[in-house]
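Peer 1: Provided herewith is a single structure, encoded as structure tokens, for subsequent inquiry.
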Amino acid sequence: MLKPLLRYLLLQHWLQRWLRAIYGNLFEEISRIRHARPEVGEIDPLPAVRRASSRRRVTLLLPGLSRRHYFGGIATAMGFLEGFRGQVDDLRIVVTDEASLDAEEHARFSDWRIAGLGEEDAPGNVIIPAGGREAPLAMRPDECVIATAWWTAHLAAELTTKAPFIYLIQDFEPGFYPWSSRYALAEQTYRSPQRIVPVCNSTLLRDFMAGHGYLPADALAFEPVINETLAATIKADPCSRERRVLVYGRPTVERNAFAVVVDVLRRLVAHGRYDDWAFISVGEPHADIDLGRGCRLQSRGKLKLDEYAAELRRAHAGLSLMVSPHPSYPPLEMAAAGLQVVTNRYANKDPQAWSNRVSAPAPGDLRGLTDALARALDAYTAEPVGMPHAQDLLAYYQAHTPSFSSLAEAVWQQWQEKSGSVASD
């Protein structure tokens with residue numbers, strides 16, 4: 001009764017004119033409020049004060065440390081920082097976007113001293129939440145700073161004045177935005193080669209950026225490495241697979257193409273052959289989504305590592321998209337765990353070269369993605385499956401032991417050389 005009445009009312013021209021007028025007034029007011037402060041808040045300056053010290057220190061600028069932020073990129077940055085323990089006296093993490101850390105984080109980082117901005121600059125390994133910008137950050141002479149995202153690169157440039165800083169580049173970040181202020185600001189961070197020592201997360205990303213003139217072709221790079229907890233679970237005895245599709249679902253992260261993921265699943269279900277399959281979404285919480293024919297995409301949100309590892313051992317197939325030159329961790333993890341994987345190619349990235357268990361159409365090829373997923377499901381067998389034989393990048397990913405010591409040594413040498421050349425100019 002309600003729907004027919006609503007449909008009737010919305011067809012009335014007088015009501016349409018009234019709703020358009022209301023919308024126009026509301027839009028203007030919302031726009032006025034939204035743009036009252038047009039600045040880019042991420043790059044609010046972090047004031048600094050110079051403190052004398054003979055101790056050498058590396059400071060990592062990290063957007064967040066809370067568990068909700070602790071995805072692969074943050075974990076990689078933490079591992080990269082650990083590689084410098086043999087090069088310097090002290091390590092420091094400055095959390096740029098969080099003003100405090102709760103009790104859980106204090107427990108997780110019990111071997112670090114958590115301090116506040118403005119406190120005395122003491123020796124040791126320290127974490128400083130700096131999101132509040134309530135006091136200046138103590139900086140030592142010749143402090144080595146590592147930026148981990150475009151906005152922390154802007155902060156690093158200000159904190160180090162004319163000195164170079166290390167730039168851990170984990171994706172082509174201008175691509176996170178439409179052509180805009182943030183796109184321009186992100187792109188600009190690659191435009192000062194004399195100020196940065198770039199380190200790329202994957203040779204694929206390094207080659208993409210070099211090909212577009214952002215970085216030198218010989219910039220330092222490292223390949224993604226499998227998390228030790230996942231590796232231990234994945235390498236355990238082969239397990240029986242279920243009629244289960246594991247989906248990397250992050251609706252708020254545009255490059256993960258969630259709308260395409262859902263469209264592909266609905267097209268697949270419409271075939272009528274997969275009504276007895278379960279579709280499980282991990283990565284970010286969202287409402288369960290109707291896929292048709294009684295099937296639903298069930299959201300499990302962001303899982304703990306052991307829970308995620310258990311899902312990797314249960315599922316037969318994985319669907320994970322990322323419109324980016326970075327290889328992306330979830331498809332690698334899924335393939336390493338023995339799943340039939342559907343992901344996407346992009347620019348110089350061709351995941352089909354990793355393993356014969358990976359299919360990678362173009363990210364906007366709905367029919368190609370759907371057909372690839374259908375082939376993956378049609379290959380289902382209940383026989384136990386373990387970690388498959390693989391080649392190239394996937395084999396490296398499976399076998400490599402996470403260690404950044406040798407990389408940090410090379411980075412440290414480049415930073416010292418560039419620091420010396422800047423000082424002599």
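Letters A, B, ... go to the chains of the structure tokens in the order shown; residues in each chain start at 1; ligands are counted from 1 in the same order.
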Using DSSP on the backbone, list every residue of segment 98-206 of chain A that comes out as strand (DSSP E), and give them as a ChimeraX atom specification.
Peer 2: /A:113-114,126-129,137-139,144-147,165-169,196-201
Peer 1: What would the file look like if the residues just selected were written as a short mmCIF file (atom, residue, chain, number, x, y, z; two decimals), in the first residue's frame with N, CA and C atoms?
Peer 2:
```cif
data_model
loop_
_atom_site.label_atom_id
_atom_site.label_comp_id
_atom_site.auth_asym_id
_atom_site.auth_seq_id
_atom_site.Cartn_x
_atom_site.Cartn_y
_atom_site.Cartn_z
N ARG A 113 58.31 2.89 24.61
CA ARG A 113 57.80 3.89 25.55
C ARG A 113 56.87 4.82 24.79
N ILE A 114 55.64 4.95 25.26
CA ILE A 114 54.67 5.84 24.61
C ILE A 114 54.70 7.18 25.33
N VAL A 126 60.69 5.08 21.11
CA VAL A 126 59.54 5.85 21.58
C VAL A 126 58.45 5.91 20.52
N ILE A 127 57.20 5.89 20.97
CA ILE A 127 56.04 6.16 20.13
C ILE A 127 55.39 7.45 20.62
N ILE A 128 55.12 8.39 19.70
CA ILE A 128 54.51 9.66 20.07
C ILE A 128 53.25 9.88 19.24
N PRO A 129 52.05 9.78 19.82
CA PRO A 129 50.83 10.18 19.10
C PRO A 129 50.85 11.70 18.92
N LEU A 137 57.38 18.95 18.16
CA LEU A 137 58.06 17.67 18.15
C LEU A 137 59.56 17.90 18.25
N ALA A 138 60.22 17.22 19.20
CA ALA A 138 61.66 17.36 19.36
C ALA A 138 62.38 16.68 18.20
N MET A 139 63.29 17.39 17.57
CA MET A 139 64.07 16.87 16.45
C MET A 139 65.55 17.01 16.77
N CYS A 144 67.10 11.29 10.88
CA CYS A 144 66.65 10.61 9.66
C CYS A 144 65.16 10.33 9.77
N VAL A 145 64.37 10.82 8.81
CA VAL A 145 62.91 10.71 8.85
C VAL A 145 62.45 9.82 7.70
N ILE A 146 61.49 8.95 8.00
CA ILE A 146 60.88 8.09 6.99
C ILE A 146 59.42 8.50 6.81
N ALA A 147 59.04 8.87 5.60
CA ALA A 147 57.63 9.14 5.27
C ALA A 147 57.00 7.86 4.73
N PHE A 165 64.93 12.99 3.10
CA PHE A 165 64.22 12.02 3.94
C PHE A 165 63.94 10.77 3.12
N ILE A 166 63.74 9.67 3.82
CA ILE A 166 63.44 8.39 3.18
C ILE A 166 61.94 8.34 2.91
N TYR A 167 61.56 7.89 1.73
CA TYR A 167 60.15 7.85 1.34
C TYR A 167 59.80 6.41 1.00
N LEU A 168 59.08 5.76 1.92
CA LEU A 168 58.58 4.40 1.69
C LEU A 168 57.30 4.51 0.88
N ILE A 169 57.38 4.16 -0.40
CA ILE A 169 56.26 4.32 -1.34
C ILE A 169 55.59 2.97 -1.52
N ILE A 196 64.44 13.24 -1.62
CA ILE A 196 63.94 11.94 -1.16
C ILE A 196 64.88 10.80 -1.53
N VAL A 197 64.89 9.79 -0.65
CA VAL A 197 65.49 8.50 -0.94
C VAL A 197 64.33 7.53 -1.08
N PRO A 198 63.89 7.24 -2.31
CA PRO A 198 62.68 6.43 -2.49
C PRO A 198 62.95 4.94 -2.29
N VAL A 199 61.99 4.27 -1.66
CA VAL A 199 62.02 2.81 -1.50
C VAL A 199 60.62 2.31 -1.84
N CYS A 200 60.49 1.45 -2.85
CA CYS A 200 59.18 1.03 -3.33
C CYS A 200 58.81 -0.36 -2.85
N ASN A 201 57.56 -0.50 -2.46
CA ASN A 201 56.99 -1.79 -2.09
C ASN A 201 56.60 -2.52 -3.38
#
```
Peer 1: From segment 197-326 of chain A, collect each residue whose DSSP state is alpha helix (DSSP H) and return the set as JSON, numbers by chain.
Peer 2: {"A": [203, 204, 205, 206, 207, 208, 209, 210, 211, 228, 229, 230, 231, 232, 233, 234, 258, 259, 260, 261, 262, 263, 264, 265, 266, 267, 268, 269, 270, 305, 306, 307, 308, 309, 310, 311, 312, 313, 314]}
Peer 1: Using only C-alpha atoms, please write the residues we just selected to a file, as a PDB file, in the first residue's frame.
Peer 2:
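Written output follows (result.pdb):
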```
ATOM      1  CA  THR A 203      59.451  -3.840  -8.303  1.00  0.00           C
ATOM      2  CA  LEU A 204      56.130  -3.658 -10.170  1.00  0.00           C
ATOM      3  CA  LEU A 205      55.317  -0.359  -8.465  1.00  0.00           C
ATOM      4  CA  ARG A 206      58.896   0.929  -8.917  1.00  0.00           C
ATOM      5  CA  ASP A 207      58.833   0.096 -12.632  1.00  0.00           C
ATOM      6  CA  PHE A 208      55.428   1.777 -13.058  1.00  0.00           C
ATOM      7  CA  MET A 209      56.632   4.963 -11.385  1.00  0.00           C
ATOM      8  CA  ALA A 210      59.931   4.939 -13.268  1.00  0.00           C
ATOM      9  CA  GLY A 211      58.070   4.450 -16.537  1.00  0.00           C
ATOM     10  CA  GLU A 228      54.744 -15.203   9.361  1.00  0.00           C
ATOM     11  CA  THR A 229      51.466 -16.120  11.087  1.00  0.00           C
ATOM     12  CA  LEU A 230      49.739 -16.682   7.754  1.00  0.00           C
ATOM     13  CA  ALA A 231      52.711 -18.601   6.392  1.00  0.00           C
ATOM     14  CA  ALA A 232      52.726 -21.012   9.336  1.00  0.00           C
ATOM     15  CA  THR A 233      49.022 -21.767   8.916  1.00  0.00           C
ATOM     16  CA  ILE A 234      49.115 -21.937   5.147  1.00  0.00           C
ATOM     17  CA  PHE A 258      33.769  -3.025  -4.419  1.00  0.00           C
ATOM     18  CA  ALA A 259      30.903  -2.132  -6.761  1.00  0.00           C
ATOM     19  CA  VAL A 260      32.531  -4.220  -9.505  1.00  0.00           C
ATOM     20  CA  VAL A 261      33.052  -7.095  -7.057  1.00  0.00           C
ATOM     21  CA  VAL A 262      29.347  -7.136  -6.159  1.00  0.00           C
ATOM     22  CA  ASP A 263      28.264  -6.856  -9.796  1.00  0.00           C
ATOM     23  CA  VAL A 264      30.496  -9.803 -10.747  1.00  0.00           C
ATOM     24  CA  LEU A 265      29.076 -11.926  -7.917  1.00  0.00           C
ATOM     25  CA  ARG A 266      25.499 -11.137  -8.950  1.00  0.00           C
ATOM     26  CA  ARG A 267      26.254 -12.048 -12.564  1.00  0.00           C
ATOM     27  CA  LEU A 268      27.832 -15.287 -11.395  1.00  0.00           C
ATOM     28  CA  VAL A 269      24.872 -16.230  -9.196  1.00  0.00           C
ATOM     29  CA  ALA A 270      22.466 -15.444 -12.040  1.00  0.00           C
ATOM     30  CA  LEU A 305      45.253 -13.051  11.497  1.00  0.00           C
ATOM     31  CA  ASP A 306      44.372 -16.503  12.827  1.00  0.00           C
ATOM     32  CA  GLU A 307      40.733 -16.056  11.743  1.00  0.00           C
ATOM     33  CA  TYR A 308      41.820 -14.897   8.297  1.00  0.00           C
ATOM     34  CA  ALA A 309      44.208 -17.838   7.991  1.00  0.00           C
ATOM     35  CA  ALA A 310      41.359 -20.203   8.857  1.00  0.00           C
ATOM     36  CA  GLU A 311      39.236 -18.670   6.079  1.00  0.00           C
ATOM     37  CA  LEU A 312      42.118 -19.128   3.631  1.00  0.00           C
ATOM     38  CA  ARG A 313      42.187 -22.831   4.484  1.00  0.00           C
ATOM     39  CA  ARG A 314      38.424 -23.284   4.070  1.00  0.00           C
TER      40      ARG A 314
END
```
Peer 1: Using atom CA of Asn227 of chain A and atom CA of Leu303 of chain A as the two end points, give the distance in Å to one decimal.
Peer 2: 14.2 Å
Peer 1: Could you name the residues that touch Gly368 of chain A at 12 Å or less, counting only C-alpha atoms, but leaving out those on the same chain fewer than 6 positions away, as a list in words?
Peer 2: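 Near neighbours after the sequence-gap exclusion: Val260, Val264, Arg267, Leu268, Val342, Thr343, Asn344, Arg345, Ser359, Ala360, Pro361, Ala362, Ala374 and Arg375 of chain A.
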Peer 1: Keeping C-alpha atoms, export the residues of the selection given above as an mmCIF file, in the first residue's frame.
Peer 2:
```cif
data_model
loop_
_atom_site.group_PDB
_atom_site.id
_atom_site.type_symbol
_atom_site.label_atom_id
_atom_site.label_comp_id
_atom_site.auth_asym_id
_atom_site.auth_seq_id
_atom_site.Cartn_x
_atom_site.Cartn_y
_atom_site.Cartn_z
ATOM 1 C CA VAL A 260 32.531 -4.220 -9.505
ATOM 2 C CA VAL A 264 30.496 -9.803 -10.747
ATOM 3 C CA ARG A 267 26.254 -12.048 -12.564
ATOM 4 C CA LEU A 268 27.832 -15.287 -11.395
ATOM 5 C CA VAL A 342 40.424 -13.981 -9.627
ATOM 6 C CA THR A 343 42.041 -10.554 -9.495
ATOM 7 C CA ASN A 344 42.854 -7.913 -12.125
ATOM 8 C CA ARG A 345 45.709 -6.674 -14.246
ATOM 9 C CA SER A 359 43.194 -15.217 -13.491
ATOM 10 C CA ALA A 360 43.418 -11.483 -14.076
ATOM 11 C CA PRO A 361 41.123 -9.774 -16.594
ATOM 12 C CA ALA A 362 40.952 -5.986 -16.810
ATOM 13 C CA ALA A 374 32.891 -19.294 -12.947
ATOM 14 C CA ARG A 375 35.858 -21.304 -14.243
#
```
Peer 1: Using only C-alpha atoms, which of the listed residues (A:Pro178, A:Arg244, A:Pro193, A:Gly124) sits closest to Trp112 of chain A?
Peer 2: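 Counting only C-alpha atoms, the residue closest to Trp112 of chain A is A:Gly124.
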Peer 1: Can you list, as a CSV table (one decimal) with C-alpha atoms, in the first residue's frame, every protein, DNA or RNA residue that comes within 9 Å of segment 55-60 of chain A when you count only C-alpha atoms, leaving out same-chain residues fewer than 5 positions away?
Peer 2:
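Produced file part-v3.csv, reproduced below:
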```csv
chain,number,residue,atom,x,y,z
A,77,ALA,CA,56.4,0.1,7.5
A,78,MET,CA,56.9,-1.2,11.0
A,81,LEU,CA,61.7,0.5,10.6
A,84,PHE,CA,67.4,0.1,11.0
A,85,ARG,CA,68.1,-1.2,14.6
A,87,GLN,CA,72.2,1.4,12.0
A,88,VAL,CA,71.2,3.9,14.7
A,89,ASP,CA,70.9,4.3,18.5
A,90,ASP,CA,67.2,5.0,18.8
A,91,LEU,CA,64.0,4.4,16.8
A,92,ARG,CA,60.9,6.6,17.0
A,93,ILE,CA,57.4,6.3,15.6
A,94,VAL,CA,55.4,9.6,15.3
A,95,VAL,CA,51.7,8.8,14.8
A,123,PRO,CA,67.1,8.0,24.7
A,140,ARG,CA,67.7,16.0,16.8
A,141,PRO,CA,70.5,17.2,14.6
A,142,ASP,CA,70.7,15.1,11.4
A,143,GLU,CA,67.6,13.2,12.3
A,144,CYS,CA,66.7,10.6,9.7
A,145,VAL,CA,62.9,10.7,8.9
A,146,ILE,CA,60.9,8.1,7.0
A,147,ALA,CA,57.6,9.1,5.3
A,148,THR,CA,55.0,6.4,4.6
```
Peer 1: In terms of the shortest atom-to-atom distance over only C-alpha atoms, which of A:Ala99, A:Ser192, A:Ser240, A:Val358 is closest to Lys162 of chain A?
Peer 2: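 Residue with the minimum atom-to-atom distance to Lys162 of chain A: A:Ser192.
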Peer 1: Measure the distance from atom CA of Thr252 of chain A to atom CA of His286 of chain A in Å and round it to one decimal.
Peer 2: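 Value for the atom CA of Thr252 of chain A-atom CA of His286 of chain A distance: 9.6 Å.
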